[in-house]
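Notes for the one structure printed next.
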Amino acid sequence: MSTPEPDGTEPVAEPGGSAGLAVDGTDVLRVEHISKRFGAVTALVDVNLHLRQGEVLALLGDNGAGKSTLLKILCGFQPPDSGRIILNGHEVTLKSVDAARALGIDVVYQDLALIDQLTVYHNMFLKRETVRWPLLNNRAMRRLARQRLDDMGIGLKSVDAEVARLSGGQRQAIAIARAIYSDAKVLLLDEPLAAMGAKEAALILDLIKDIKRRGDVSVIVIAHNYGQVLEIADRVNLLQQGKITLDKPSAETSVQELNDIVIAEYRRALEERHRSA
Amino acid sequence: MVKRAALLFAQQRAATVLVVVILLVVYFGFFSSASSEFLTKDNIANITWTLAPWAIIAIGEVLLLVCGELDLSVGFILGFSGFLMHYLIDFYGVPPVLAVLLCLLMGVAVGFANGFITVTLGVPSFITTLGTGFILLGILLVTSHAYPATIPASAAGVGNWLGSWTWAEITWTIILVAAFQVVLSYTRWGLHTVSVGGNILGASEAGISIRKIKYGNFMITGFMGALTGLMVTFQTNSIDPSNASYTPMFYAIAGAVIGGTALAGGSGTIIGAFLGTLVLAILFDGFNLVGISANPQPIILGGAILVAMIANVQLARLRRAGRTR
């Protein structure tokens with residue numbers, strides 16, 4: 001269990017600044033001065049971010065703030081224009097999603113990762129199947145899948161069910177379980193609670209709490225629903241117009257404060273547009 | 001209670017195969033009572049000769065359909081295969097067994113070309129295989145001058161194994177259907193084939209090589225086409241340019257669809273396709289036995305395909321309705 005308190009990192013109040021850069025030895029992932037442009041559009045500006053061992057970091061922001069771009073850079077889907085990524089103290093180049101995964105950084109996309117037509121246990125072992133050559137060792141995979149889902153508190157009646165027949169929350173839980181058991185050390189969850197009912201969301205929140213309790217996996221949760229995420233995150237980073245504008249422990253902020261910052265920023269941008277018009 | 005059990009069963013994928021089994025029992029029952037010849041050894045052999053090419057080609061088509069592609073050229077691989085054997089043995093003095101192997105290799109090579117154009121160059125497989133099929137037909141017509149050829153005498157030995165012996169074709173069919181059903185259901189190749197057709201992005205995310213799976217399944221289909229070509233050649237005891245056509249491919253796909261393979265990819269069984277092609281073969285044979293002319297047969301065939309497809313679509317809806325809320 002490791003949920004360290006902030007170590008003097010100052011929250012960044014003014015837009016354009018960078019989040020505090022932790023340099024303590026417990027950082028599992030550090031992102032330094034990352035920038036990214038798409039033609040005339042600036043997606044990320046000098047972003048600094050750090051993730052500690054066993055920590056759950058909420059990366060919040062409105063639509064278009066740059067969350068998805070940062071996620072794609074962190075999971076190896078696209079390279080940054082400048083800046084560096086440091087994993088366990090070593091600078092890494094994430095050339096592809098596979099390369100990032102091999103280094104222990106795994107991403108779980110909302111409802112995209114699973115194969116509807118396959119069973120729960122086949123999905124859990126996809127590309128990492130247990131084989132008794134030349135055949136699949138279904139018995140072993142079924143047993144392990146059952147055991148792993150039980151260990152993670154994901155109550156499923158049967159691992160033989162096709163995932164098409166499961167609910168959104170159950171599917172998300174299976175995708176997370178699969179990433180955890182494929183040796184992910186840094187888990188990126190993209191909008192894990194999007195389009196979910198309260199019961200479904202509770203299942204995923206409990207799962208993330210469980211991962212936090214185990215402490216061997218560090219998690220970045222990307223979301224725009226502040227309330228639910230504050231419940232599970234140790235720390236919050238707020239991304240606005242490609243910049244990290246706030247870096248605070250969850251306990252020291254509130255939905256109200258986050259909303260106020262986002263709305264203030266929106267009004268400021270609106271006024272600026274009016275002035276220039 | 002009974003209604004609930006029926007619903008639960010309908011929600012299983014195996015239910016689609018049941019539809020075919022029911023069709024089989026009905027047709028089998030009807031034709032065996034309508035004609036005393038239906039169950040004779042000669043007639044059963046006849047059915048197997050009709051069935052084998054469709055069922056073997058269907059193996060490849062099911063693998064392709066499941067991973068989201070299809071092959072229209074396989075009937076022309078079939079047609080060219082017999083001629084290639086004749087050219088190799090009669091014109092180049094290649095030993096028969098080696099000639100057979102080279103024919104099979106030709107099928108695999110055409111499959112590779114289909115894979116290259118579709119996967120690497122990004123042309124939809126419908127168009128790719130339409131093109132390669134025409135090219136093969138052209139090569140066949142130019143080289144054979146559209147005349148049939150006789151089977152090389154030296155190939156008689158290997159011919160016994162492939163099709164001259166009455167039950168050779170059906171024996172190979174059963175072996176291949178069983179083997180590839182195991183491949184589809186119980187190996188990584190099969191699992192990855194379903195994954196690619198079911199969710200190409202998800203499969204790619206999981207690290208599955210989409211390219212490898214699609215190339216491989218095109219090559220398997222090409223192999224099946226070439227093998228079938230040799231079988232038909234030996235069974236009919238002639239090398240005929242009219243063997244090269246879309247017909248076997250269409251019946252193979254029809255059989256696959258009747259047997260529960262989804263054209264949209266992600267699901268299907270080779271056993272189902274085998275049973276589907278068996279339904280079609282029995283229908284054809286039965287119609288002839290009871291004296292129905294060949295002209296209305298396509299109406300029945302079209303109806304059978306539509307009924308089976310409607311049943312499959314409805315069963316798929318029921319399966320989705322079984323989702324946990």
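Ligands are numbered from 1 in the order shown, chains are lettered A, B, ... in the order of the structure tokens, and residues start at 1 in each chain.
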
Kindly provide, as a VMD selection string, the residues of chain A having any atom no farther than 9 Å from an atom of chain B, counting only C-alpha atoms. chain A and resid 97 to 98 112 to 118 122 126 to 129 131 133 to 138 163 to 168

Write the residues of the selection above to a file with N, CA and C atoms, as a CSV table (one decimal), in the first residue's frame.
```csv
chain,number,residue,atom,x,y,z
A,97,VAL,N,2.4,1.2,-29.2
A,97,VAL,CA,1.6,0.7,-28.1
A,97,VAL,C,2.3,-0.6,-27.6
A,98,ASP,N,2.7,-1.5,-28.5
A,98,ASP,CA,3.4,-2.7,-28.0
A,98,ASP,C,4.6,-2.4,-27.2
A,112,LEU,N,-13.5,-0.7,-25.9
A,112,LEU,CA,-12.9,-0.9,-27.2
A,112,LEU,C,-12.1,-2.2,-27.2
A,113,ALA,N,-11.6,-2.6,-26.1
A,113,ALA,CA,-10.5,-3.6,-26.1
A,113,ALA,C,-11.0,-5.0,-26.2
A,114,LEU,N,-12.2,-5.3,-25.9
A,114,LEU,CA,-12.6,-6.7,-25.9
A,114,LEU,C,-13.2,-7.2,-27.2
A,115,ILE,N,-13.2,-8.5,-27.4
A,115,ILE,CA,-13.8,-9.1,-28.6
A,115,ILE,C,-15.1,-9.7,-28.1
A,116,ASP,N,-16.2,-9.1,-28.6
A,116,ASP,CA,-17.5,-9.5,-28.2
A,116,ASP,C,-17.8,-11.0,-28.4
A,117,GLN,N,-17.3,-11.6,-29.4
A,117,GLN,CA,-17.6,-13.0,-29.8
A,117,GLN,C,-16.9,-14.0,-28.9
A,118,LEU,N,-15.9,-13.6,-28.2
A,118,LEU,CA,-15.1,-14.5,-27.4
A,118,LEU,C,-15.6,-14.6,-26.0
A,122,HIS,N,-11.2,-16.2,-22.7
A,122,HIS,CA,-10.4,-16.0,-23.9
A,122,HIS,C,-10.0,-14.6,-24.0
A,126,LEU,N,-6.2,-13.1,-24.2
A,126,LEU,CA,-6.0,-12.8,-25.7
A,126,LEU,C,-4.5,-12.4,-25.9
A,127,LYS,N,-3.9,-13.1,-26.9
A,127,LYS,CA,-2.5,-12.9,-27.3
A,127,LYS,C,-1.5,-13.4,-26.2
A,128,ARG,N,-2.0,-13.8,-25.0
A,128,ARG,CA,-1.1,-14.4,-24.0
A,128,ARG,C,-1.7,-15.7,-23.6
A,129,GLU,N,-2.2,-16.5,-24.6
A,129,GLU,CA,-2.9,-17.7,-24.2
A,129,GLU,C,-2.0,-18.7,-23.6
A,131,VAL,N,-1.1,-22.4,-23.8
A,131,VAL,CA,-1.2,-23.4,-24.8
A,131,VAL,C,-0.5,-24.7,-24.4
A,133,TRP,N,0.7,-27.3,-26.7
A,133,TRP,CA,0.8,-27.3,-28.1
A,133,TRP,C,0.2,-28.6,-28.7
A,134,PRO,N,-0.5,-28.5,-29.8
A,134,PRO,CA,-0.8,-27.3,-30.6
A,134,PRO,C,-2.2,-26.6,-30.1
A,135,LEU,N,-2.7,-27.2,-29.1
A,135,LEU,CA,-4.1,-26.7,-28.7
A,135,LEU,C,-4.1,-25.7,-27.6
A,136,LEU,N,-5.1,-24.9,-27.5
A,136,LEU,CA,-5.3,-24.0,-26.3
A,136,LEU,C,-5.5,-24.8,-25.1
A,137,ASN,N,-4.9,-24.3,-24.0
A,137,ASN,CA,-5.2,-25.0,-22.7
A,137,ASN,C,-6.4,-24.3,-22.1
A,138,ASN,N,-7.6,-24.6,-22.6
A,138,ASN,CA,-8.8,-23.8,-22.1
A,138,ASN,C,-9.1,-24.1,-20.7
A,163,VAL,N,-18.4,-12.1,-24.0
A,163,VAL,CA,-18.5,-10.8,-23.4
A,163,VAL,C,-19.5,-9.9,-24.0
A,164,ALA,N,-20.0,-10.2,-25.2
A,164,ALA,CA,-21.1,-9.5,-25.8
A,164,ALA,C,-22.3,-9.5,-24.8
A,165,ARG,N,-22.4,-10.5,-24.0
A,165,ARG,CA,-23.6,-10.6,-23.1
A,165,ARG,C,-23.4,-9.9,-21.8
A,166,LEU,N,-22.3,-9.3,-21.6
A,166,LEU,CA,-22.0,-8.6,-20.3
A,166,LEU,C,-22.4,-7.1,-20.4
A,167,SER,N,-22.5,-6.6,-19.2
A,167,SER,CA,-22.8,-5.1,-19.1
A,167,SER,C,-21.5,-4.3,-19.3
A,168,GLY,N,-21.7,-3.0,-19.6
A,168,GLY,CA,-20.6,-2.1,-19.8
A,168,GLY,C,-19.5,-2.2,-18.7
```

Could you name the residues that touch Gly133 in chain B at 12 Å or less, counting only C-alpha atoms, but leaving out those on the same chain fewer than 4 positions away, as number ranges by chain? B: 71-80, 107, 110-111, 113-114, 125-129, 137-140, 222, 225, 244-246, 249

Can you write just those residues out, N, CA and C atoms, as a PDB file, in the first residue's frame?
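Contents of out.pdb, freshly written:
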```
ATOM      1  N   ASP B  71     -13.094 -14.638 -50.522  1.00  0.00           N
ATOM      2  CA  ASP B  71     -12.279 -14.927 -51.703  1.00  0.00           C
ATOM      3  C   ASP B  71     -13.183 -15.382 -52.841  1.00  0.00           C
ATOM      4  N   LEU B  72     -13.269 -14.549 -53.889  1.00  0.00           N
ATOM      5  CA  LEU B  72     -14.078 -14.914 -55.053  1.00  0.00           C
ATOM      6  C   LEU B  72     -13.259 -15.683 -56.086  1.00  0.00           C
ATOM      7  N   SER B  73     -11.928 -15.717 -55.888  1.00  0.00           N
ATOM      8  CA  SER B  73     -11.060 -16.288 -56.928  1.00  0.00           C
ATOM      9  C   SER B  73     -10.865 -17.795 -56.785  1.00  0.00           C
ATOM     10  N   VAL B  74     -11.338 -18.360 -55.681  1.00  0.00           N
ATOM     11  CA  VAL B  74     -10.969 -19.737 -55.361  1.00  0.00           C
ATOM     12  C   VAL B  74     -11.457 -20.741 -56.418  1.00  0.00           C
ATOM     13  N   GLY B  75     -12.592 -20.476 -57.058  1.00  0.00           N
ATOM     14  CA  GLY B  75     -13.089 -21.370 -58.105  1.00  0.00           C
ATOM     15  C   GLY B  75     -12.165 -21.388 -59.314  1.00  0.00           C
ATOM     16  N   PHE B  76     -11.444 -20.298 -59.528  1.00  0.00           N
ATOM     17  CA  PHE B  76     -10.513 -20.232 -60.663  1.00  0.00           C
ATOM     18  C   PHE B  76      -9.171 -20.873 -60.304  1.00  0.00           C
ATOM     19  N   ILE B  77      -8.828 -20.815 -59.016  1.00  0.00           N
ATOM     20  CA  ILE B  77      -7.659 -21.572 -58.549  1.00  0.00           C
ATOM     21  C   ILE B  77      -7.948 -23.051 -58.778  1.00  0.00           C
ATOM     22  N   LEU B  78      -9.191 -23.432 -58.439  1.00  0.00           N
ATOM     23  CA  LEU B  78      -9.652 -24.820 -58.644  1.00  0.00           C
ATOM     24  C   LEU B  78      -9.462 -25.221 -60.112  1.00  0.00           C
ATOM     25  N   GLY B  79      -9.952 -24.382 -61.014  1.00  0.00           N
ATOM     26  CA  GLY B  79      -9.887 -24.712 -62.437  1.00  0.00           C
ATOM     27  C   GLY B  79      -8.467 -24.776 -62.965  1.00  0.00           C
ATOM     28  N   PHE B  80      -7.636 -23.848 -62.502  1.00  0.00           N
ATOM     29  CA  PHE B  80      -6.264 -23.771 -63.021  1.00  0.00           C
ATOM     30  C   PHE B  80      -5.391 -24.916 -62.496  1.00  0.00           C
ATOM     31  N   GLY B 107      -1.744 -22.627 -55.388  1.00  0.00           N
ATOM     32  CA  GLY B 107      -2.921 -22.136 -54.653  1.00  0.00           C
ATOM     33  C   GLY B 107      -2.508 -21.232 -53.504  1.00  0.00           C
ATOM     34  N   VAL B 110      -1.298 -17.874 -54.883  1.00  0.00           N
ATOM     35  CA  VAL B 110      -2.404 -16.978 -55.265  1.00  0.00           C
ATOM     36  C   VAL B 110      -3.030 -16.393 -53.990  1.00  0.00           C
ATOM     37  N   GLY B 111      -3.170 -17.237 -52.965  1.00  0.00           N
ATOM     38  CA  GLY B 111      -3.688 -16.745 -51.685  1.00  0.00           C
ATOM     39  C   GLY B 111      -2.798 -15.644 -51.123  1.00  0.00           C
ATOM     40  N   ALA B 113      -0.906 -13.652 -52.870  1.00  0.00           N
ATOM     41  CA  ALA B 113      -1.118 -12.447 -53.700  1.00  0.00           C
ATOM     42  C   ALA B 113      -2.415 -11.751 -53.282  1.00  0.00           C
ATOM     43  N   ASN B 114      -3.468 -12.547 -53.037  1.00  0.00           N
ATOM     44  CA  ASN B 114      -4.733 -11.957 -52.567  1.00  0.00           C
ATOM     45  C   ASN B 114      -4.522 -11.216 -51.251  1.00  0.00           C
ATOM     46  N   SER B 125     -11.216  -7.085 -50.322  1.00  0.00           N
ATOM     47  CA  SER B 125     -10.980  -8.434 -50.841  1.00  0.00           C
ATOM     48  C   SER B 125     -11.969  -8.803 -51.947  1.00  0.00           C
ATOM     49  N   PHE B 126     -13.141  -8.223 -51.905  1.00  0.00           N
ATOM     50  CA  PHE B 126     -14.132  -8.504 -52.951  1.00  0.00           C
ATOM     51  C   PHE B 126     -13.549  -8.142 -54.326  1.00  0.00           C
ATOM     52  N   ILE B 127     -12.929  -6.969 -54.390  1.00  0.00           N
ATOM     53  CA  ILE B 127     -12.357  -6.489 -55.653  1.00  0.00           C
ATOM     54  C   ILE B 127     -11.059  -7.227 -55.972  1.00  0.00           C
ATOM     55  N   THR B 128     -10.216  -7.396 -54.965  1.00  0.00           N
ATOM     56  CA  THR B 128      -8.946  -8.108 -55.166  1.00  0.00           C
ATOM     57  C   THR B 128      -9.171  -9.458 -55.822  1.00  0.00           C
ATOM     58  N   THR B 129     -10.071 -10.230 -55.210  1.00  0.00           N
ATOM     59  CA  THR B 129     -10.227 -11.610 -55.649  1.00  0.00           C
ATOM     60  C   THR B 129     -11.053 -11.699 -56.939  1.00  0.00           C
ATOM     61  N   LEU B 137      -8.411 -17.068 -64.771  1.00  0.00           N
ATOM     62  CA  LEU B 137      -9.252 -17.605 -65.849  1.00  0.00           C
ATOM     63  C   LEU B 137      -8.595 -17.303 -67.202  1.00  0.00           C
ATOM     64  N   GLY B 138      -8.084 -16.070 -67.329  1.00  0.00           N
ATOM     65  CA  GLY B 138      -7.422 -15.682 -68.576  1.00  0.00           C
ATOM     66  C   GLY B 138      -6.209 -16.545 -68.859  1.00  0.00           C
ATOM     67  N   ILE B 139      -5.385 -16.745 -67.841  1.00  0.00           N
ATOM     68  CA  ILE B 139      -4.180 -17.578 -68.013  1.00  0.00           C
ATOM     69  C   ILE B 139      -4.587 -18.993 -68.436  1.00  0.00           C
ATOM     70  N   LEU B 140      -5.629 -19.498 -67.779  1.00  0.00           N
ATOM     71  CA  LEU B 140      -6.107 -20.855 -68.064  1.00  0.00           C
ATOM     72  C   LEU B 140      -6.585 -20.963 -69.521  1.00  0.00           C
ATOM     73  N   GLY B 222      -6.550 -20.549 -50.710  1.00  0.00           N
ATOM     74  CA  GLY B 222      -5.919 -20.864 -51.994  1.00  0.00           C
ATOM     75  C   GLY B 222      -5.514 -22.328 -52.055  1.00  0.00           C
ATOM     76  N   GLY B 225      -8.522 -24.417 -52.635  1.00  0.00           N
ATOM     77  CA  GLY B 225      -8.969 -24.314 -54.024  1.00  0.00           C
ATOM     78  C   GLY B 225      -8.146 -25.226 -54.925  1.00  0.00           C
ATOM     79  N   ALA B 244     -13.361 -24.047 -64.043  1.00  0.00           N
ATOM     80  CA  ALA B 244     -13.004 -22.740 -63.487  1.00  0.00           C
ATOM     81  C   ALA B 244     -14.220 -21.825 -63.564  1.00  0.00           C
ATOM     82  N   SER B 245     -14.826 -21.576 -62.421  1.00  0.00           N
ATOM     83  CA  SER B 245     -16.022 -20.715 -62.410  1.00  0.00           C
ATOM     84  C   SER B 245     -16.263 -20.219 -60.990  1.00  0.00           C
ATOM     85  N   TYR B 246     -17.255 -19.351 -60.866  1.00  0.00           N
ATOM     86  CA  TYR B 246     -17.624 -18.870 -59.535  1.00  0.00           C
ATOM     87  C   TYR B 246     -18.460 -19.895 -58.768  1.00  0.00           C
ATOM     88  N   MET B 249     -17.423 -21.570 -55.430  1.00  0.00           N
ATOM     89  CA  MET B 249     -17.253 -20.543 -54.389  1.00  0.00           C
ATOM     90  C   MET B 249     -18.604 -20.081 -53.862  1.00  0.00           C
TER      91      MET B 249
END
```

Which of range 20-231 of chain A end up as strand (DSSP E) when DSSP is run on this backbone - answer as a PyMOL selection string? chain A and resi 27-38+41-52+56-60+82-87+90-92+105-108+131-132+135-136+186-190+218-223

Those in range 36-230 of chain A with helix (DSSP H, G or I) from DSSP, as number ranges by chain: A: 67-74, 97-102, 120-124, 138-151, 163-165, 168-180, 198-214, 226-230

So which residues touch range 145-154 of chain A within 7 Å, counting only C-alpha atoms, skipping near sequence neighbours fewer than 2 positions away, as number ranges by chain? A: 121, 124, 141-143, 156, 159, 207

Computed interatomic separation between CA of Arg235 in chain A and CA of Gln78 in chain A (Å):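 Rounded to one decimal, the two atoms are 25.6 Å apart.
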
I'd like the neighbourhood of Ala55 in chain B as a PyMOL selection string, where a residue qualifies if any of its atoms comes within 12 Å (using only C-alpha atoms), though same-chain residues fewer than 5 positions away should be ignored. chain B and resi 47-50+60-62+169-178+180+221+224-225+228+248-256+259+269-281

Atoms kept (N, CA and C atoms) for selection, written as a compact mmCIF listing (two decimals), in the first residue's frame:
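The resulting file, result13.txt, is shown below:
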```txt
# COMPACT_ATOMS: atom_id res chain seq x y z
N ILE B 47 -23.67 -37.80 -54.15
CA ILE B 47 -23.82 -36.67 -53.22
C ILE B 47 -22.44 -36.23 -52.72
N THR B 48 -21.59 -37.20 -52.39
CA THR B 48 -20.27 -36.83 -51.86
C THR B 48 -19.44 -36.08 -52.90
N TRP B 49 -19.60 -36.46 -54.19
CA TRP B 49 -18.81 -35.76 -55.23
C TRP B 49 -19.28 -34.32 -55.40
N THR B 50 -20.58 -34.12 -55.22
CA THR B 50 -21.10 -32.75 -55.29
C THR B 50 -20.63 -31.96 -54.06
N GLY B 60 -11.98 -22.76 -46.23
CA GLY B 60 -11.22 -21.52 -46.40
C GLY B 60 -12.11 -20.29 -46.30
N GLU B 61 -13.28 -20.38 -46.93
CA GLU B 61 -14.17 -19.21 -46.92
C GLU B 61 -14.65 -18.89 -45.50
N VAL B 62 -14.90 -19.93 -44.70
CA VAL B 62 -15.32 -19.65 -43.31
C VAL B 62 -14.21 -18.92 -42.57
N GLU B 169 -12.63 -38.37 -52.09
CA GLU B 169 -12.98 -36.97 -51.85
C GLU B 169 -13.64 -36.77 -50.49
N ILE B 170 -14.60 -37.64 -50.19
CA ILE B 170 -15.34 -37.44 -48.93
C ILE B 170 -14.43 -37.73 -47.73
N THR B 171 -13.48 -38.68 -47.94
CA THR B 171 -12.55 -38.97 -46.85
C THR B 171 -11.72 -37.73 -46.54
N TRP B 172 -11.15 -37.12 -47.60
CA TRP B 172 -10.38 -35.89 -47.39
C TRP B 172 -11.24 -34.79 -46.78
N THR B 173 -12.46 -34.71 -47.27
CA THR B 173 -13.36 -33.66 -46.78
C THR B 173 -13.55 -33.78 -45.27
N ILE B 174 -13.85 -35.03 -44.84
CA ILE B 174 -14.12 -35.22 -43.40
C ILE B 174 -12.85 -34.93 -42.58
N ILE B 175 -11.71 -35.39 -43.09
CA ILE B 175 -10.45 -35.14 -42.36
C ILE B 175 -10.19 -33.63 -42.25
N LEU B 176 -10.34 -32.93 -43.38
CA LEU B 176 -10.03 -31.49 -43.38
C LEU B 176 -11.03 -30.69 -42.56
N VAL B 177 -12.30 -31.06 -42.68
CA VAL B 177 -13.33 -30.33 -41.91
C VAL B 177 -13.04 -30.51 -40.41
N ALA B 178 -12.77 -31.75 -40.01
CA ALA B 178 -12.52 -32.00 -38.59
C ALA B 178 -11.27 -31.24 -38.14
N PHE B 180 -9.76 -28.59 -39.42
CA PHE B 180 -9.85 -27.13 -39.38
C PHE B 180 -10.90 -26.62 -38.40
N THR B 221 -7.13 -20.72 -47.98
CA THR B 221 -8.22 -20.81 -48.96
C THR B 221 -7.67 -21.16 -50.35
N MET B 224 -6.89 -24.79 -50.42
CA MET B 224 -8.11 -25.61 -50.54
C MET B 224 -8.62 -25.59 -51.99
N GLY B 225 -8.52 -24.42 -52.64
CA GLY B 225 -8.97 -24.31 -54.02
C GLY B 225 -8.15 -25.23 -54.92
N THR B 228 -8.90 -28.94 -54.21
CA THR B 228 -10.21 -29.29 -54.76
C THR B 228 -10.12 -29.46 -56.28
N PRO B 248 -18.43 -23.09 -57.54
CA PRO B 248 -18.13 -23.76 -56.25
C PRO B 248 -17.98 -22.75 -55.11
N MET B 249 -17.42 -21.57 -55.43
CA MET B 249 -17.25 -20.54 -54.39
C MET B 249 -18.60 -20.08 -53.86
N PHE B 250 -19.56 -19.87 -54.79
CA PHE B 250 -20.87 -19.40 -54.35
C PHE B 250 -21.56 -20.44 -53.47
N TYR B 251 -21.46 -21.71 -53.87
CA TYR B 251 -22.10 -22.74 -53.03
C TYR B 251 -21.38 -22.89 -51.70
N ALA B 252 -20.08 -22.71 -51.72
CA ALA B 252 -19.33 -22.79 -50.46
C ALA B 252 -19.78 -21.67 -49.52
N ILE B 253 -19.90 -20.46 -50.06
CA ILE B 253 -20.31 -19.34 -49.21
C ILE B 253 -21.78 -19.51 -48.77
N ALA B 254 -22.61 -19.98 -49.72
CA ALA B 254 -24.01 -20.22 -49.36
C ALA B 254 -24.09 -21.24 -48.22
N GLY B 255 -23.31 -22.32 -48.36
CA GLY B 255 -23.30 -23.35 -47.32
C GLY B 255 -22.81 -22.80 -45.99
N ALA B 256 -21.78 -21.95 -46.07
CA ALA B 256 -21.23 -21.36 -44.83
C ALA B 256 -22.29 -20.49 -44.16
N GLY B 259 -24.94 -22.48 -42.67
CA GLY B 259 -24.39 -23.13 -41.48
C GLY B 259 -24.05 -22.17 -40.35
N THR B 269 -18.72 -21.50 -38.01
CA THR B 269 -18.09 -22.79 -37.73
C THR B 269 -17.89 -23.53 -39.04
N ILE B 270 -16.84 -24.34 -39.08
CA ILE B 270 -16.55 -25.11 -40.28
C ILE B 270 -17.50 -26.30 -40.37
N ILE B 271 -17.83 -26.87 -39.22
CA ILE B 271 -18.81 -27.97 -39.21
C ILE B 271 -20.14 -27.45 -39.73
N GLY B 272 -20.53 -26.27 -39.30
CA GLY B 272 -21.79 -25.67 -39.76
C GLY B 272 -21.77 -25.51 -41.26
N ALA B 273 -20.64 -25.03 -41.80
CA ALA B 273 -20.52 -24.85 -43.24
C ALA B 273 -20.58 -26.20 -43.96
N PHE B 274 -19.97 -27.21 -43.35
CA PHE B 274 -20.03 -28.57 -43.93
C PHE B 274 -21.48 -29.03 -44.01
N LEU B 275 -22.21 -28.84 -42.91
CA LEU B 275 -23.62 -29.25 -42.90
C LEU B 275 -24.42 -28.41 -43.89
N GLY B 276 -24.07 -27.13 -43.98
CA GLY B 276 -24.76 -26.25 -44.92
C GLY B 276 -24.56 -26.70 -46.36
N THR B 277 -23.33 -27.05 -46.71
CA THR B 277 -23.08 -27.53 -48.08
C THR B 277 -23.71 -28.90 -48.30
N LEU B 278 -23.79 -29.70 -47.22
CA LEU B 278 -24.45 -31.01 -47.33
C LEU B 278 -25.94 -30.82 -47.64
N VAL B 279 -26.56 -29.83 -46.99
CA VAL B 279 -27.97 -29.52 -47.27
C VAL B 279 -28.12 -29.21 -48.76
N LEU B 280 -27.23 -28.36 -49.28
CA LEU B 280 -27.33 -27.98 -50.69
C LEU B 280 -27.09 -29.18 -51.61
N ALA B 281 -26.09 -30.01 -51.26
CA ALA B 281 -25.79 -31.18 -52.10
C ALA B 281 -26.96 -32.16 -52.12
```

Contact residues around Phe287 in chain B with only C-alpha atoms at 12 Å, ignoring same-chain residues under 2 positions, as a ChimeraX atom specification: /B:27-28,30-32,34-35,38,47,280-285,289-298,300-301

Just write the chosen residues, C-alpha atoms, as a tab-separated table (two decimals), in the first residue's frame.
```tsv
chain	number	residue	atom	x	y	z
B	27	TYR	CA	-34.65	-33.10	-46.68
B	28	PHE	CA	-33.09	-36.45	-45.94
B	30	PHE	CA	-38.29	-36.42	-47.69
B	31	PHE	CA	-35.95	-37.62	-50.42
B	32	SER	CA	-35.35	-41.05	-48.92
B	34	ALA	CA	-39.76	-40.06	-52.22
B	35	SER	CA	-37.10	-42.04	-54.07
B	38	PHE	CA	-31.72	-41.99	-52.65
B	47	ILE	CA	-23.82	-36.67	-53.22
B	280	LEU	CA	-27.33	-27.98	-50.69
B	281	ALA	CA	-25.79	-31.18	-52.10
B	282	ILE	CA	-28.73	-33.27	-50.88
B	283	LEU	CA	-31.17	-30.74	-52.33
B	284	PHE	CA	-29.50	-30.89	-55.72
B	285	ASP	CA	-29.28	-34.64	-55.77
B	289	LEU	CA	-33.97	-38.02	-58.26
B	290	VAL	CA	-37.58	-36.95	-57.84
B	291	GLY	CA	-37.57	-35.41	-61.31
B	292	ILE	CA	-37.68	-31.70	-60.54
B	293	SER	CA	-36.10	-29.88	-63.45
B	294	ALA	CA	-32.93	-27.86	-62.96
B	295	ASN	CA	-34.73	-24.61	-63.77
B	296	PRO	CA	-36.64	-24.02	-60.51
B	297	GLN	CA	-33.75	-25.26	-58.37
B	298	PRO	CA	-32.22	-21.80	-57.89
B	300	ILE	CA	-35.38	-23.27	-53.77
B	301	LEU	CA	-31.69	-22.56	-53.19
```

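Computed from the coordinates, the CA of Val19 in chain B to CA of Ala311 in chain B distance equals 7.7 Å.
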
If you count only C-alpha atoms, which residues fall within 7 Å of range 56-66 of chain A, apart from same-chain ones fewer than 5 positions away, as JSON, numbers by chain? {"A": [43, 44, 51, 212, 218, 219, 220, 221, 222, 223, 224, 229, 233, 234, 235, 236, 237, 238, 239, 240, 241, 242]}

CA of Asp81 in chain A and CA of Ser35 in chain A are how many Å apart? 5.7 Å
